[in-house]
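Asks: Just so it is clear, I am handing over protein-v8.cif, which has mmCIF, C-alpha atoms.
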```cif
data_model
#
loop_
_atom_site.group_PDB
_atom_site.id
_atom_site.type_symbol
_atom_site.label_atom_id
_atom_site.label_comp_id
_atom_site.auth_asym_id
_atom_site.auth_seq_id
_atom_site.Cartn_x
_atom_site.Cartn_y
_atom_site.Cartn_z
ATOM 1 C CA MET L 162 -13.675 -20.348 3.358
ATOM 2 C CA VAL L 163 -11.560 -17.673 4.973
ATOM 3 C CA HIS L 164 -10.939 -17.924 8.689
ATOM 4 C CA TRP L 165 -11.448 -14.623 10.470
ATOM 5 C CA THR L 166 -10.484 -14.250 14.114
ATOM 6 C CA THR L 167 -12.875 -12.437 16.449
ATOM 7 C CA GLU L 168 -10.322 -9.665 16.724
ATOM 8 C CA GLU L 169 -10.122 -9.266 12.946
ATOM 9 C CA ARG L 170 -13.912 -9.146 12.601
ATOM 10 C CA GLU L 171 -14.212 -6.555 15.360
ATOM 11 C CA ILE L 172 -11.457 -4.324 14.133
ATOM 12 C CA ILE L 173 -12.709 -4.383 10.547
ATOM 13 C CA THR L 174 -16.327 -3.609 11.423
ATOM 14 C CA GLN L 175 -15.278 -0.974 13.957
ATOM 15 C CA ILE L 176 -13.132 0.952 11.503
ATOM 16 C CA TRP L 177 -15.656 0.576 8.682
ATOM 17 C CA SER L 178 -18.543 1.787 10.829
ATOM 18 C CA LYS L 179 -16.645 5.044 11.317
ATOM 19 C CA SER L 180 -15.688 5.368 7.662
ATOM 20 C CA ASP L 181 -17.413 7.754 5.297
ATOM 21 C CA VAL L 182 -17.676 5.431 2.315
ATOM 22 C CA ALA L 183 -18.113 8.283 -0.169
ATOM 23 C CA VAL L 184 -15.062 10.191 1.057
ATOM 24 C CA ILE L 185 -12.823 7.143 1.454
ATOM 25 C CA GLY L 186 -13.906 5.786 -1.922
ATOM 26 C CA ALA L 187 -13.321 9.074 -3.725
ATOM 27 C CA GLU L 188 -9.839 9.410 -2.238
ATOM 28 C CA ALA L 189 -8.879 5.813 -2.876
ATOM 29 C CA LEU L 190 -10.000 5.799 -6.502
ATOM 30 C CA GLY L 191 -8.605 9.267 -7.147
ATOM 31 C CA SER L 192 -5.269 8.292 -5.610
ATOM 32 C CA LEU L 193 -5.204 5.142 -7.747
ATOM 33 C CA LEU L 194 -5.456 7.239 -10.900
ATOM 34 C CA VAL L 195 -2.790 9.692 -9.699
ATOM 35 C CA VAL L 196 -0.281 7.236 -8.267
ATOM 36 C CA TYR L 197 -0.715 4.582 -10.975
ATOM 37 C CA PRO L 198 -1.671 6.699 -13.974
ATOM 38 C CA TRP L 199 -1.795 3.707 -16.319
ATOM 39 C CA CYS L 200 -5.005 2.742 -14.510
ATOM 40 C CA GLN L 201 -6.633 5.689 -16.278
ATOM 41 C CA ARG L 202 -6.927 3.326 -19.229
ATOM 42 C CA LEU L 203 -10.108 2.056 -17.622
ATOM 43 C CA PHE L 204 -11.621 5.493 -17.189
ATOM 44 C CA ALA L 205 -11.078 7.248 -20.495
ATOM 45 C CA GLN L 206 -14.739 8.288 -20.539
ATOM 46 C CA PHE L 207 -14.545 10.053 -17.163
ATOM 47 C CA GLY L 208 -13.590 13.430 -18.579
ATOM 48 C CA ASN L 209 -10.789 15.553 -17.203
ATOM 49 C CA LEU L 210 -8.028 13.416 -15.697
ATOM 50 C CA SER L 211 -5.254 15.747 -16.805
ATOM 51 C CA SER L 212 -3.742 16.556 -13.411
ATOM 52 C CA PRO L 213 -3.848 15.305 -9.810
ATOM 53 C CA ALA L 214 -6.152 18.205 -8.919
ATOM 54 C CA ALA L 215 -8.428 17.433 -11.866
ATOM 55 C CA ILE L 216 -8.539 13.748 -10.924
ATOM 56 C CA MET L 217 -9.203 14.282 -7.225
ATOM 57 C CA GLY L 218 -11.910 16.849 -8.024
ATOM 58 C CA ASN L 219 -13.513 14.926 -10.877
ATOM 59 C CA PRO L 220 -17.150 14.280 -9.931
ATOM 60 C CA ARG L 221 -17.307 11.018 -11.891
ATOM 61 C CA VAL L 222 -14.227 9.716 -10.113
ATOM 62 C CA LYS L 223 -15.786 10.628 -6.783
ATOM 63 C CA ALA L 224 -19.097 9.002 -7.655
ATOM 64 C CA HIS L 225 -17.450 5.856 -8.899
ATOM 65 C CA GLY L 226 -15.181 5.713 -5.877
ATOM 66 C CA LYS L 227 -18.298 5.657 -3.728
ATOM 67 C CA VAL L 228 -19.779 2.786 -5.754
ATOM 68 C CA VAL L 229 -16.588 0.748 -5.509
ATOM 69 C CA MET L 230 -16.220 1.354 -1.790
ATOM 70 C CA ALA L 231 -19.888 0.501 -1.117
ATOM 71 C CA SER L 232 -19.208 -2.777 -2.861
ATOM 72 C CA PHE L 233 -16.177 -3.326 -0.667
ATOM 73 C CA GLY L 234 -18.505 -2.729 2.264
ATOM 74 C CA GLU L 235 -20.574 -5.691 1.089
ATOM 75 C CA ALA L 236 -17.553 -7.880 1.702
ATOM 76 C CA ILE L 237 -17.425 -6.610 5.269
ATOM 77 C CA LYS L 238 -21.106 -7.429 5.740
ATOM 78 C CA ASN L 239 -20.485 -10.892 4.324
ATOM 79 C CA LEU L 240 -17.081 -11.859 5.668
ATOM 80 C CA ASP L 241 -17.958 -15.541 5.580
ATOM 81 C CA MET L 242 -19.282 -15.487 2.019
ATOM 82 C CA ILE L 243 -16.950 -13.189 0.146
ATOM 83 C CA LYS L 244 -16.395 -15.506 -2.816
ATOM 84 C CA SER L 245 -20.091 -15.911 -3.540
ATOM 85 C CA THR L 246 -20.824 -12.260 -2.797
ATOM 86 C CA PHE L 247 -18.418 -11.210 -5.547
ATOM 87 C CA ALA L 248 -19.094 -13.973 -8.084
ATOM 88 C CA ASN L 249 -21.156 -11.804 -10.429
ATOM 89 C CA LEU L 250 -18.857 -8.817 -10.037
ATOM 90 C CA SER L 251 -15.935 -11.059 -10.898
ATOM 91 C CA GLU L 252 -17.508 -12.036 -14.201
ATOM 92 C CA LEU L 253 -18.367 -8.419 -14.896
ATOM 93 C CA HIS L 254 -14.790 -7.257 -14.293
ATOM 94 C CA CYS L 255 -13.483 -9.923 -16.657
ATOM 95 C CA ASN L 256 -16.082 -10.000 -19.417
ATOM 96 C CA LYS L 257 -17.343 -6.437 -19.592
ATOM 97 C CA LEU L 258 -14.833 -4.206 -17.857
ATOM 98 C CA HIS L 259 -11.630 -6.034 -18.876
ATOM 99 C CA VAL L 260 -9.821 -5.035 -15.710
ATOM 100 C CA ASP L 261 -6.414 -6.619 -15.066
ATOM 101 C CA PRO L 262 -6.734 -8.160 -11.576
ATOM 102 C CA GLU L 263 -3.445 -6.498 -10.707
ATOM 103 C CA ASN L 264 -5.503 -3.318 -10.456
ATOM 104 C CA PHE L 265 -7.441 -4.727 -7.492
ATOM 105 C CA LYS L 266 -4.173 -4.948 -5.544
ATOM 106 C CA LEU L 267 -3.275 -1.407 -6.512
ATOM 107 C CA LEU L 268 -6.646 -0.095 -5.308
ATOM 108 C CA ILE L 269 -6.224 -1.952 -2.027
ATOM 109 C CA ASN L 270 -2.781 -0.310 -1.670
ATOM 110 C CA MET L 271 -4.441 3.073 -1.959
ATOM 111 C CA LEU L 272 -7.359 2.165 0.326
ATOM 112 C CA LEU L 273 -5.003 1.223 3.143
ATOM 113 C CA ILE L 274 -3.087 4.485 2.852
ATOM 114 C CA VAL L 275 -6.345 6.458 2.811
ATOM 115 C CA LEU L 276 -7.609 4.600 5.891
ATOM 116 C CA ALA L 277 -4.297 5.299 7.648
ATOM 117 C CA SER L 278 -4.606 8.983 6.733
ATOM 118 C CA HIS L 279 -8.117 9.157 8.150
ATOM 119 C CA PHE L 280 -7.670 7.054 11.254
ATOM 120 C CA GLY L 281 -4.076 7.902 12.184
ATOM 121 C CA LYS L 282 -2.743 5.865 15.094
ATOM 122 C CA GLU L 283 -6.072 4.049 15.356
ATOM 123 C CA PHE L 284 -5.078 2.301 12.123
ATOM 124 C CA THR L 285 -2.708 0.116 14.107
ATOM 125 C CA PRO L 286 -0.510 -2.597 12.599
ATOM 126 C CA THR L 287 -3.220 -5.053 13.651
ATOM 127 C CA ALA L 288 -5.939 -3.077 11.876
ATOM 128 C CA HIS L 289 -3.623 -2.687 8.887
ATOM 129 C CA ALA L 290 -3.040 -6.441 8.762
ATOM 130 C CA ALA L 291 -6.774 -7.169 9.007
ATOM 131 C CA PHE L 292 -7.584 -4.824 6.125
ATOM 132 C CA GLN L 293 -4.693 -6.141 4.041
ATOM 133 C CA LYS L 294 -6.065 -9.639 4.552
ATOM 134 C CA LEU L 295 -9.558 -8.459 3.614
ATOM 135 C CA GLY L 296 -8.158 -6.730 0.551
ATOM 136 C CA ASN L 297 -6.318 -9.897 -0.489
ATOM 137 C CA VAL L 298 -9.513 -11.931 -0.081
ATOM 138 C CA VAL L 299 -11.651 -9.454 -2.041
ATOM 139 C CA SER L 300 -9.045 -9.227 -4.825
ATOM 140 C CA HIS L 301 -8.923 -12.986 -5.037
ATOM 141 C CA ALA L 302 -12.734 -13.262 -5.121
ATOM 142 C CA LEU L 303 -12.931 -10.643 -7.874
ATOM 143 C CA SER L 304 -10.394 -12.458 -10.030
ATOM 144 C CA ARG L 305 -11.767 -15.924 -9.378
ATOM 145 C CA HIS L 306 -14.102 -16.051 -12.390
ATOM 146 C CA TYR L 307 -11.612 -14.716 -14.889
ATOM 147 C CA HIS L 308 -10.973 -16.829 -17.937
ATOM 148 C CA MET Y 271 10.394 5.649 -14.061
ATOM 149 C CA VAL Y 272 12.323 8.849 -13.498
ATOM 150 C CA LEU Y 273 12.076 11.182 -10.507
ATOM 151 C CA THR Y 274 11.016 14.647 -11.663
ATOM 152 C CA ALA Y 275 11.996 17.875 -9.941
ATOM 153 C CA ASP Y 276 8.527 17.926 -8.362
ATOM 154 C CA ASP Y 277 8.998 14.371 -7.101
ATOM 155 C CA LYS Y 278 12.288 15.289 -5.461
ATOM 156 C CA SER Y 279 10.813 18.332 -3.791
ATOM 157 C CA HIS Y 280 7.814 16.341 -2.501
ATOM 158 C CA VAL Y 281 10.110 13.645 -1.119
ATOM 159 C CA LYS Y 282 12.356 16.160 0.617
ATOM 160 C CA HIS Y 283 9.346 17.852 2.143
ATOM 161 C CA VAL Y 284 7.900 14.589 3.456
ATOM 162 C CA TRP Y 285 11.268 13.557 4.842
ATOM 163 C CA SER Y 286 11.713 16.875 6.615
ATOM 164 C CA VAL Y 287 8.460 16.161 8.481
ATOM 165 C CA VAL Y 288 9.277 12.519 9.166
ATOM 166 C CA GLN Y 289 12.977 12.782 9.906
ATOM 167 C CA PRO Y 290 12.763 13.702 13.624
ATOM 168 C CA HIS Y 291 11.135 10.347 14.335
ATOM 169 C CA ALA Y 292 12.241 8.404 11.296
ATOM 170 C CA GLY Y 293 13.420 5.493 13.442
ATOM 171 C CA ASP Y 294 9.929 5.117 14.912
ATOM 172 C CA ILE Y 295 8.413 5.158 11.445
ATOM 173 C CA GLY Y 296 10.949 2.548 10.332
ATOM 174 C CA ALA Y 297 10.103 0.279 13.262
ATOM 175 C CA ASP Y 298 6.367 0.811 12.693
ATOM 176 C CA ALA Y 299 6.735 0.028 8.988
ATOM 177 C CA LEU Y 300 8.546 -3.217 9.763
ATOM 178 C CA THR Y 301 5.935 -4.153 12.385
ATOM 179 C CA ARG Y 302 3.175 -3.517 9.865
ATOM 180 C CA MET Y 303 4.971 -5.528 7.213
ATOM 181 C CA PHE Y 304 5.439 -8.521 9.511
ATOM 182 C CA ALA Y 305 1.741 -8.356 10.474
ATOM 183 C CA ALA Y 306 0.246 -7.735 7.034
ATOM 184 C CA HIS Y 307 2.673 -9.744 4.901
ATOM 185 C CA ARG Y 308 3.698 -12.647 7.062
ATOM 186 C CA THR Y 309 5.943 -14.268 4.457
ATOM 187 C CA THR Y 310 8.406 -11.405 5.006
ATOM 188 C CA LYS Y 311 9.174 -12.829 8.440
ATOM 189 C CA THR Y 312 11.130 -15.596 6.748
ATOM 190 C CA TYR Y 313 14.023 -13.160 6.361
ATOM 191 C CA PHE Y 314 14.082 -12.370 10.062
ATOM 192 C CA ALA Y 315 14.119 -15.737 11.789
ATOM 193 C CA HIS Y 316 17.022 -14.429 13.869
ATOM 194 C CA PHE Y 317 14.979 -11.505 15.209
ATOM 195 C CA GLY Y 318 12.600 -11.188 18.090
ATOM 196 C CA LEU Y 319 9.497 -10.147 16.157
ATOM 197 C CA ASN Y 320 7.078 -9.151 18.868
ATOM 198 C CA PRO Y 321 5.860 -5.592 18.262
ATOM 199 C CA GLY Y 322 8.114 -3.234 20.160
ATOM 200 C CA SER Y 323 11.029 -5.668 20.182
ATOM 201 C CA ALA Y 324 14.530 -4.231 20.471
ATOM 202 C CA ASP Y 325 15.468 -5.988 17.213
ATOM 203 C CA ILE Y 326 12.661 -4.268 15.321
ATOM 204 C CA LYS Y 327 13.461 -0.881 16.872
ATOM 205 C CA ALA Y 328 17.125 -1.173 15.953
ATOM 206 C CA HIS Y 329 16.415 -2.389 12.460
ATOM 207 C CA GLY Y 330 13.746 0.240 11.917
ATOM 208 C CA LYS Y 331 16.367 2.898 12.676
ATOM 209 C CA LYS Y 332 18.794 1.357 10.182
ATOM 210 C CA VAL Y 333 16.206 1.151 7.416
ATOM 211 C CA ALA Y 334 15.049 4.717 8.072
ATOM 212 C CA ALA Y 335 18.633 5.969 8.060
ATOM 213 C CA ALA Y 336 19.255 4.321 4.697
ATOM 214 C CA ILE Y 337 16.147 5.955 3.266
ATOM 215 C CA GLY Y 338 17.377 9.241 4.701
ATOM 216 C CA GLU Y 339 20.647 8.756 2.838
ATOM 217 C CA ALA Y 340 18.714 8.186 -0.359
ATOM 218 C CA VAL Y 341 16.761 11.414 0.243
ATOM 219 C CA ALA Y 342 19.948 13.360 0.956
ATOM 220 C CA HIS Y 343 21.489 12.096 -2.273
ATOM 221 C CA ILE Y 344 18.323 11.962 -4.290
ATOM 222 C CA ASP Y 345 20.189 12.797 -7.488
ATOM 223 C CA ASN Y 346 22.365 9.728 -7.074
ATOM 224 C CA ILE Y 347 20.464 7.117 -5.100
ATOM 225 C CA ALA Y 348 22.432 4.294 -6.717
ATOM 226 C CA GLY Y 349 25.686 5.839 -5.512
ATOM 227 C CA ALA Y 350 24.390 6.525 -2.030
ATOM 228 C CA LEU Y 351 23.094 2.976 -1.566
ATOM 229 C CA ASP Y 352 25.859 1.175 -3.461
ATOM 230 C CA LYS Y 353 27.179 -0.740 -0.444
ATOM 231 C CA LEU Y 354 23.664 -1.662 0.688
ATOM 232 C CA SER Y 355 22.894 -2.860 -2.814
ATOM 233 C CA THR Y 356 25.907 -5.174 -2.740
ATOM 234 C CA LEU Y 357 24.924 -6.398 0.708
ATOM 235 C CA HIS Y 358 21.403 -7.260 -0.446
ATOM 236 C CA ALA Y 359 22.739 -9.052 -3.531
ATOM 237 C CA GLN Y 360 25.432 -11.072 -1.841
ATOM 238 C CA LYS Y 361 24.320 -11.563 1.700
ATOM 239 C CA MET Y 362 20.666 -10.813 2.368
ATOM 240 C CA ARG Y 363 19.187 -11.835 -0.966
ATOM 241 C CA VAL Y 364 15.701 -10.693 -0.091
ATOM 242 C CA ASP Y 365 13.425 -11.654 -2.979
ATOM 243 C CA PRO Y 366 12.655 -8.565 -5.052
ATOM 244 C CA VAL Y 367 8.887 -8.952 -4.577
ATOM 245 C CA ASN Y 368 9.270 -7.926 -0.957
ATOM 246 C CA PHE Y 369 10.582 -4.398 -1.488
ATOM 247 C CA PRO Y 370 7.231 -2.997 -2.648
ATOM 248 C CA LEU Y 371 5.666 -4.589 0.439
ATOM 249 C CA LEU Y 372 7.944 -2.711 2.823
ATOM 250 C CA SER Y 373 7.585 0.443 0.729
ATOM 251 C CA HIS Y 374 3.806 0.263 1.040
ATOM 252 C CA CYS Y 375 4.063 -0.266 4.799
ATOM 253 C CA PHE Y 376 6.304 2.794 5.020
ATOM 254 C CA LEU Y 377 3.661 4.841 3.245
ATOM 255 C CA VAL Y 378 0.909 3.514 5.533
ATOM 256 C CA SER Y 379 3.062 4.282 8.568
ATOM 257 C CA ILE Y 380 3.790 7.823 7.402
ATOM 258 C CA ALA Y 381 0.083 8.329 6.632
ATOM 259 C CA ALA Y 382 -0.940 7.033 10.068
ATOM 260 C CA HIS Y 383 1.534 9.352 11.813
ATOM 261 C CA HIS Y 384 0.837 12.364 9.606
ATOM 262 C CA PRO Y 385 -2.742 12.383 8.330
ATOM 263 C CA GLY Y 386 -3.007 14.658 5.336
ATOM 264 C CA LEU Y 387 0.701 14.617 4.477
ATOM 265 C CA LEU Y 388 0.485 11.992 1.735
ATOM 266 C CA LYS Y 389 -2.040 13.352 -0.712
ATOM 267 C CA ALA Y 390 -2.273 12.690 -4.446
ATOM 268 C CA SER Y 391 0.902 13.959 -6.137
ATOM 269 C CA THR Y 392 2.961 13.780 -2.909
ATOM 270 C CA LEU Y 393 1.946 10.154 -2.502
ATOM 271 C CA LEU Y 394 2.823 9.539 -6.144
ATOM 272 C CA SER Y 395 6.305 10.994 -5.610
ATOM 273 C CA MET Y 396 6.921 8.979 -2.443
ATOM 274 C CA ASP Y 397 5.737 5.783 -4.106
ATOM 275 C CA LYS Y 398 8.058 6.409 -7.061
ATOM 276 C CA PHE Y 399 10.970 7.266 -4.775
ATOM 277 C CA LEU Y 400 10.596 4.175 -2.578
ATOM 278 C CA GLY Y 401 10.126 2.077 -5.703
ATOM 279 C CA HIS Y 402 13.376 3.480 -6.993
ATOM 280 C CA VAL Y 403 15.146 2.617 -3.728
ATOM 281 C CA GLY Y 404 13.909 -0.965 -4.069
ATOM 282 C CA VAL Y 405 15.151 -1.171 -7.664
ATOM 283 C CA VAL Y 406 18.585 0.092 -6.593
ATOM 284 C CA LEU Y 407 18.784 -2.405 -3.747
ATOM 285 C CA THR Y 408 18.040 -5.325 -6.084
ATOM 286 C CA SER Y 409 20.054 -4.027 -9.031
ATOM 287 C CA LYS Y 410 23.053 -6.290 -8.467
ATOM 288 C CA TYR Y 411 21.104 -9.502 -7.919
ATOM 289 C CA ARG Y 412 22.001 -10.956 -11.312
#
```
Please express the file's structure as structure tokens.

Replies:
Amino acid sequence: MVHWTTEEREIITQIWSKSDVAVIGAEALGSLLVVYPWCQRLFAQFGNLSSPAAIMGNPRVKAHGKVVMASFGEAIKNLDMIKSTFANLSELHCNKLHVDPENFKLLINMLLIVLASHFGKEFTPTAHAAFQKLGNVVSHALSRHYH
Amino acid sequence: MVLTADDKSHVKHVWSVVQPHAGDIGADALTRMFAAHRTTKTYFAHFGLNPGSADIKAHGKKVAAAIGEAVAHIDNIAGALDKLSTLHAQKMRVDPVNFPLLSHCFLVSIAAHHPGLLKASTLLSMDKFLGHVGVVLTSKYR
């Protein structure tokens, strides 16, 4: 089980409570597909991904970004049970979606930059570290049932 | 991965915004890296690592200045950072996995100081550029 300090729990829930999951998710997923274009391999059916503008404006990218980020929010609601919370999703990502777990790290990279963009100085090094830790834990939980 | 003309122009634009307080960004990036990726502290046992420490401030300035050099000579980053590359290979020997960690912290720091600056294709260019800097700095390792 992951050990979370009181400070980490507070800072994570504080920032998340002020986050617009749809907006953050859309930007994070869109940025993933722009900055790491090979990730588009997983989204061939999403339509127009031909340019950064097309990607960031793509309604399916936005919708899916919201879904992914809402799921991330589940981790925040269940900080002490992240592994079990993501057990089914882990199997799905391996068996059905065939996502290289490296992609989880890349999405976390983007999420942290998006959070920094939205929260500015409030996204302090301490907040950054807490979310990086959370991202590491979620990535690990999602890759745990891979075979 | 090659830097396109667009990449270079994005990088120069970002640096023009960041440059006046590049040292602060450098120090902030290092602070973030030490907090978020604690294994990186193993290379700085000789530093005072409390946030705001003089060591971090001084080193942040150095790192930022080196990145500035790379921006100024963006058509020949390997040439501009040749001495630093040798230094990293022979003296510092920072494991290559760590360069993307500092790069990411730089991007987070820039984003935190300048919301809206690092969007989509600009972020792509900066990520490529910093990745390139890391490759140059580890190019003489073996």

Asks: I'd like to see the residues matched by the PyMOL selection byres ((chain L) within 7 of (chain Y)) on this file, and ideally I'd get them as a list in words.

Replies: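 Listing what the PyMOL selection byres ((chain L) within 7 of (chain Y)) selects in the shown file: Ser192, Val195, Val196, Pro213, Leu273, Ile274, Ala277, Ser278, His279, Phe280, Gly281, Lys282, Phe284, Pro286, Thr287, His289, Ala290 and Gln293 of chain L.
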
Asks: Since we have the selection now, will you write its residues out, keeping C-alpha atoms, as a short mmCIF file (atom, residue, chain, number, x, y, z; two decimals), in the frame of the given file?

Replies:
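Saved result, selection_14.cif, follows:
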```cif
data_model
loop_
_atom_site.label_atom_id
_atom_site.label_comp_id
_atom_site.auth_asym_id
_atom_site.auth_seq_id
_atom_site.Cartn_x
_atom_site.Cartn_y
_atom_site.Cartn_z
CA SER L 192 -5.27 8.29 -5.61
CA VAL L 195 -2.79 9.69 -9.70
CA VAL L 196 -0.28 7.24 -8.27
CA PRO L 213 -3.85 15.30 -9.81
CA LEU L 273 -5.00 1.22 3.14
CA ILE L 274 -3.09 4.49 2.85
CA ALA L 277 -4.30 5.30 7.65
CA SER L 278 -4.61 8.98 6.73
CA HIS L 279 -8.12 9.16 8.15
CA PHE L 280 -7.67 7.05 11.25
CA GLY L 281 -4.08 7.90 12.18
CA LYS L 282 -2.74 5.86 15.09
CA PHE L 284 -5.08 2.30 12.12
CA PRO L 286 -0.51 -2.60 12.60
CA THR L 287 -3.22 -5.05 13.65
CA HIS L 289 -3.62 -2.69 8.89
CA ALA L 290 -3.04 -6.44 8.76
CA GLN L 293 -4.69 -6.14 4.04
#
```

Asks: What gap, in Å, lies between atom CA of Y:Phe314 and atom CA of Y:Gly401?

Replies: 21.7 Å

Asks: Point out the residue among Y:Tyr411, Y:Phe317, Y:Val406, Y:Pro370 with the least atom-to-atom distance to L:Lys266, counting all atoms listed in the file.

Replies: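 Nearest to L:Lys266: Y:Pro370.
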
Asks: Could you please determine the separation between atom CA of Y:Asp325 and atom CA of Y:Ile337 in Å, to one decimal place?

Replies: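 About the pair atom CA of Y:Asp325 and atom CA of Y:Ile337: they are 18.4 Å apart.
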
Asks: Could you check the closest approach to L:Ile172 for each of L:Ala231, L:Ala288, L:Cys255, L:Ile185 and tell me which residue wins, using all atoms listed in the file?

Replies: L:Ala288

Asks: Translate the PyMOL selection byres ((chain L and resi 238) around 12), as applied to the file shown, into an explicit residue set as a PyMOL selection string.

Replies: chain L and resi 170-171+173-175+177-178+231-237+239-243+246+295

Asks: From the list L:Asn270, L:Ser300, L:Val184, L:Met217, which residue is nearest Y:Ser373 when using all atoms listed in the file?

Replies: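 Under the stated criterion, the closest residue is L:Asn270.
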